[in-house]
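Remarks on the structure that follows.
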Amino acid sequence: MVNGDPFTHQAASTAYHFTRAALQKGHEILRVFFYHDGVHTGTRLNVAPQDERDLPRLWRELGVQYGLDLAVCVSAAQRRGVLDASEAQRHGKDGDNLAPGFRIAGLGQLIDAGIDAERLVVFGE
Amino acid sequence: MNMLHTVSKSPFGHTALETCLRLARKGASILLIEDAVYAALRQTTIADKITTAMKELSVYALEPDLRARGFGQGQVIDGVKLIDYDGFVDLVVEHQSVQAWF
Amino acid sequence: MSANPDIALPNKRAKKFMLVNRRPPHGSIYAQEALEVALIAGAFDQDVSLAFIDDGVYQLVVGQDTQGTDSKNFSRTFRALEDFGISKLYVERESLQARGLDAADLVVAAQAVSAQALGELMARQDVLLSF
């Protein structure tokens with residue numbers, strides 16, 4: 001569960017390195033659930049300065065490499081202006097910004113993951 | 001199996017570590033990450049709290065976070081074990097559950 | 001896995017979920033968004049409890065009037081938690097005392113427990129969510 005945004009706080013970065021280490025060790029990551037400001041990790045519109053790490057992009061690439069389920073909480077995302085195309089259309093917004101590889105999901109997906117996974121780790125700020 | 005507590009905020013600006021130590025039970029492990037790694041340093045006014053805690057708990061610190069902040073093994077309280085992200089993963093597997101304090 | 005994610009499989013042991021709240025309401029959205037998780041969690045037939053520690057105890061203070069602010073008054077929702085399948089609310093006694101509060105100041109019947117007792121409760125959980 002990633003509760004910190006990828007720009008201001010370190011939580012999303014710690015979560016990334018932890019997740020990558022776990023996958024490299026052969027563990028299965030059932031889901032990565034982004035809540036609170038963590039939903040900003042799912043943007044495709046950030047522009048990372050040349051000499052800085054682009055954490056949203058790193059997460060996208062990790063997601064592709066390992067087929068990760070990157071779930072962005074619908075209510076937290078709406079509040080913060082992180083929308084996929086269908087959400088944007090439904091709410092009459094003139095743009096969307098959810099990155100490929102991320103999906104909008106309900107809070108039930110967090111509870112489901114807690115039920116099915118052997119461990120749940122929270123990365124907060 | 002015991003609990004793993006992760007603490008990610010500096011002990012000088014937040015109550016996360018203090019509350020964690022109040023609630024953690026004997027046999028649990030504490031992993032200091034991000035700004036909480038400052039609590040692993042020997043020279044601070046709270047070093048005694050960590051040393052006392054280690055009588056009943058295991059204390060770890062994430063080395064990459066310590067190095068990023070300009071500190072290393074030589075400045076760490078005796079008994080605090082430095083680990084990397086692989087070690088973090090192992091700790092999660094070895095403990096029953098994880099509580100994040102921030 | 002059930003095709004409908006909102007129905008827990010009846011033959012699976014219910015897991016113990018504890019939602020840990022350490023932040024006060026209104027100064028940030030964490031408290032409100034934590035409650036939103038609680039309301040959903042209650043619907044999954046799991047063993048859910050809420051813990052309030054440090055400034056988290058302020059979330060339960062009775063008589064919150066948010067009219068002069070932009071914040072949502074979600075404190076009344078704590079009274080409805082039982083309808084959502086959650087009846088176990090714990091407040092840490094040390095946190096209450098440090099803030100000069102007692103049970104009468106709280107909007108709902110929460111059990112005041114010592115840090116030691118709460119720590120032991122935590123150690124028995126399967127899943128710990130903190131906000």
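If you're wondering about the labels, chains in the structure tokens are A, B, ... by order shown, residues count from 1 in each chain, ligands from 1 in order shown.
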**Proximal residues of chain B relative to chain C (only C-alpha atoms; 7 Å) as a PyMOL selection string** = chain B and resi 3+22-25+97-100
Restricting the output to N, CA and C atoms, write the selected residues as a compact mmCIF listing (two decimals), in the first residue's frame.
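Written output follows (out_32.txt):
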# COMPACT_ATOMS: atom_id res chain seq x y z
N MET B 3 6.21 -9.36 15.31
CA MET B 3 5.88 -8.25 14.42
C MET B 3 7.12 -7.52 13.96
N ARG B 22 6.70 2.55 22.45
CA ARG B 22 5.73 2.39 23.53
C ARG B 22 4.84 1.17 23.28
N LEU B 23 4.56 0.89 22.02
CA LEU B 23 3.64 -0.20 21.70
C LEU B 23 4.29 -1.51 21.30
N ALA B 24 5.54 -1.45 20.86
CA ALA B 24 6.19 -2.68 20.40
C ALA B 24 6.39 -3.63 21.58
N ARG B 25 6.15 -4.89 21.36
CA ARG B 25 6.28 -5.87 22.43
C ARG B 25 7.60 -6.63 22.30
N SER B 97 3.61 -9.91 10.70
CA SER B 97 2.90 -8.75 10.15
C SER B 97 3.80 -7.53 10.25
N VAL B 98 3.42 -6.47 9.55
CA VAL B 98 4.22 -5.25 9.53
C VAL B 98 3.35 -4.06 9.91
N GLN B 99 3.82 -3.27 10.86
CA GLN B 99 3.13 -2.02 11.20
C GLN B 99 4.04 -0.87 10.82
N ALA B 100 3.52 0.07 10.02
CA ALA B 100 4.30 1.21 9.55
C ALA B 100 3.99 2.43 10.41
**Message:** Distance cut-off 9 Å, counting only C-alpha atoms - which residues of chain C neighbour chain A? Return them as a list in words.
**Reply:** Met1, Pro5, Asp6, Ala8, Ala14, Lys15, Phe17, Ile29, Tyr30, Glu33, Glu36, Val37, Ile40, Ala41, Ala43, Phe44, Gln46, Asp126, Val127, Leu128, Leu129, Ser130 and Phe131 of chain C
**Request:** Find the residues in chain B near chain A: any atom within 8 Å counts, using only C-alpha atoms. Write them as a ChimeraX atom specification.
**Result:** /B:8,34,85-86,88-89,92-93,96-102
**Request:** Would you return as number ranges by chain the members of chain B that DSSP assigns to helix (DSSP H, G or I) on this structure's backbone?
**Result:** B: 16-23, 34-40, 47-53, 63-68, 73-75, 85-94
Which residues are near B:Leu41? Cut-off 10 Å, only C-alpha atoms, ignore same chain within fewer than 4 positions. Put them as a short mmCIF file (atom, residue, chain, number, x, y, z; two decimals) with N, CA and C atoms, in the first residue's frame.
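The file below, out39.cif, is the result:
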data_model
loop_
_atom_site.label_atom_id
_atom_site.label_comp_id
_atom_site.auth_asym_id
_atom_site.auth_seq_id
_atom_site.Cartn_x
_atom_site.Cartn_y
_atom_site.Cartn_z
N VAL B 37 16.37 6.88 10.04
CA VAL B 37 17.72 6.33 10.23
C VAL B 37 18.56 7.19 11.16
N THR B 45 20.83 12.49 21.39
CA THR B 45 20.26 12.44 22.74
C THR B 45 19.28 11.28 22.89
N ILE B 46 18.90 10.65 21.79
CA ILE B 46 17.95 9.54 21.94
C ILE B 46 18.61 8.17 21.75
N ALA B 47 19.92 8.17 21.59
CA ALA B 47 20.63 6.90 21.39
C ALA B 47 20.36 5.93 22.54
N ILE B 50 17.30 3.78 22.10
CA ILE B 50 17.50 2.66 21.17
C ILE B 50 18.25 1.53 21.89
N ALA B 61 18.54 -0.84 10.54
CA ALA B 61 18.44 0.42 9.81
C ALA B 61 18.77 0.15 8.35
N LEU B 66 20.84 5.62 5.21
CA LEU B 66 21.86 6.18 6.10
C LEU B 66 22.95 6.85 5.27
N PHE B 71 25.91 9.32 6.55
CA PHE B 71 26.38 8.54 7.68
C PHE B 71 26.62 7.09 7.29
N GLY B 72 27.43 6.40 8.12
CA GLY B 72 27.74 5.01 7.81
C GLY B 72 27.88 4.16 9.05
N GLN B 73 28.29 2.92 8.82
CA GLN B 73 28.41 1.93 9.89
C GLN B 73 29.16 2.45 11.11
N GLY B 74 30.22 3.20 10.86
CA GLY B 74 31.06 3.67 11.95
C GLY B 74 30.38 4.61 12.93
N GLN B 75 29.24 5.18 12.52
CA GLN B 75 28.56 6.15 13.39
C GLN B 75 27.29 5.59 14.00
N VAL B 76 27.08 4.32 13.78
CA VAL B 76 25.82 3.70 14.20
C VAL B 76 25.96 3.07 15.59
N ILE B 77 24.91 3.13 16.36
CA ILE B 77 24.86 2.53 17.70
C ILE B 77 25.20 1.04 17.60
N ASP B 78 26.04 0.58 18.51
CA ASP B 78 26.40 -0.84 18.54
C ASP B 78 25.15 -1.69 18.70
N VAL B 80 22.80 -2.08 16.36
CA VAL B 80 21.84 -1.80 15.29
C VAL B 80 22.40 -2.41 14.01
#
**Neighbour list for A:Val32 as an MDAnalysis selection string, cut-off 7 Å, only C-alpha atoms, skip fewer than 4 positions in-chain** = chainID A and resid 1 69:71
**Prompt:** Which is closest to A:Asn46 among A:Ala85, A:Pro100, A:Ala105, A:Phe7, if we use only C-alpha atoms?
**Reply:** A:Phe7
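Among the candidates C:Leu39, C:Ala51, C:Leu101, C:Ala31, the residue lying nearest to C:Val113 is C:Ala51 (atoms considered: only C-alpha atoms).
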**Request:** For B:Val7, work out the shell of residues within 8 Å, counting only C-alpha atoms and skipping chain neighbours fewer than 6 positions away, then give it as JSON, numbers by chain.
**Result:** {"B": [16, 17, 20, 30, 31, 32, 33, 36, 100, 101, 102]}
Restrict the selected residues to C-alpha atoms and save them as a CSV table (one decimal), in the first residue's frame.
chain,number,residue,atom,x,y,z
B,16,ALA,CA,6.5,7.9,15.3
B,17,LEU,CA,9.5,6.3,16.9
B,20,CYS,CA,6.4,2.7,18.2
B,30,ILE,CA,12.1,-2.4,14.4
B,31,LEU,CA,13.4,-1.3,11.0
B,32,LEU,CA,14.4,2.4,10.7
B,33,ILE,CA,14.0,3.7,7.1
B,36,ALA,CA,14.2,7.6,10.8
B,100,ALA,CA,4.3,1.2,9.5
B,101,TRP,CA,4.9,4.2,11.8
B,102,PHE,CA,5.2,7.6,10.1
**Asked** chain C: which residues are strand (DSSP E) by DSSP, as a PyMOL selection string?
**Response** chain C and resi 16-21+47-52+88-92+111-113+127-130
Next, dump the selected residues to file, keeping only C-alpha atoms, as an mmCIF file, in the first residue's frame.
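Below is the file that was written, selection_20.cif:
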data_model
loop_
_atom_site.group_PDB
_atom_site.id
_atom_site.type_symbol
_atom_site.label_atom_id
_atom_site.label_comp_id
_atom_site.auth_asym_id
_atom_site.auth_seq_id
_atom_site.Cartn_x
_atom_site.Cartn_y
_atom_site.Cartn_z
ATOM 1 C CA LYS C 16 -7.874 -9.768 11.671
ATOM 2 C CA PHE C 17 -7.523 -6.285 10.165
ATOM 3 C CA MET C 18 -6.525 -3.364 12.376
ATOM 4 C CA LEU C 19 -6.720 0.171 11.011
ATOM 5 C CA VAL C 20 -4.324 2.404 12.932
ATOM 6 C CA ASN C 21 -5.106 6.111 13.167
ATOM 7 C CA ASP C 47 -12.462 -9.226 11.881
ATOM 8 C CA VAL C 48 -11.936 -5.470 11.681
ATOM 9 C CA SER C 49 -10.928 -3.147 14.486
ATOM 10 C CA LEU C 50 -9.895 0.503 14.604
ATOM 11 C CA ALA C 51 -7.162 1.854 16.853
ATOM 12 C CA PHE C 52 -6.698 5.530 17.711
ATOM 13 C CA LYS C 88 -14.211 -2.776 17.948
ATOM 14 C CA LEU C 89 -12.773 0.687 18.490
ATOM 15 C CA TYR C 90 -9.747 1.107 20.729
ATOM 16 C CA VAL C 91 -8.180 4.322 21.993
ATOM 17 C CA GLU C 92 -4.806 4.321 23.669
ATOM 18 C CA GLN C 111 -12.469 1.033 24.598
ATOM 19 C CA ALA C 112 -9.607 2.814 26.342
ATOM 20 C CA VAL C 113 -6.655 0.431 26.561
ATOM 21 C CA VAL C 127 -3.104 -7.103 8.506
ATOM 22 C CA LEU C 128 -2.205 -3.654 9.830
ATOM 23 C CA LEU C 129 -3.213 -0.610 7.832
ATOM 24 C CA SER C 130 -1.967 2.806 8.896
#
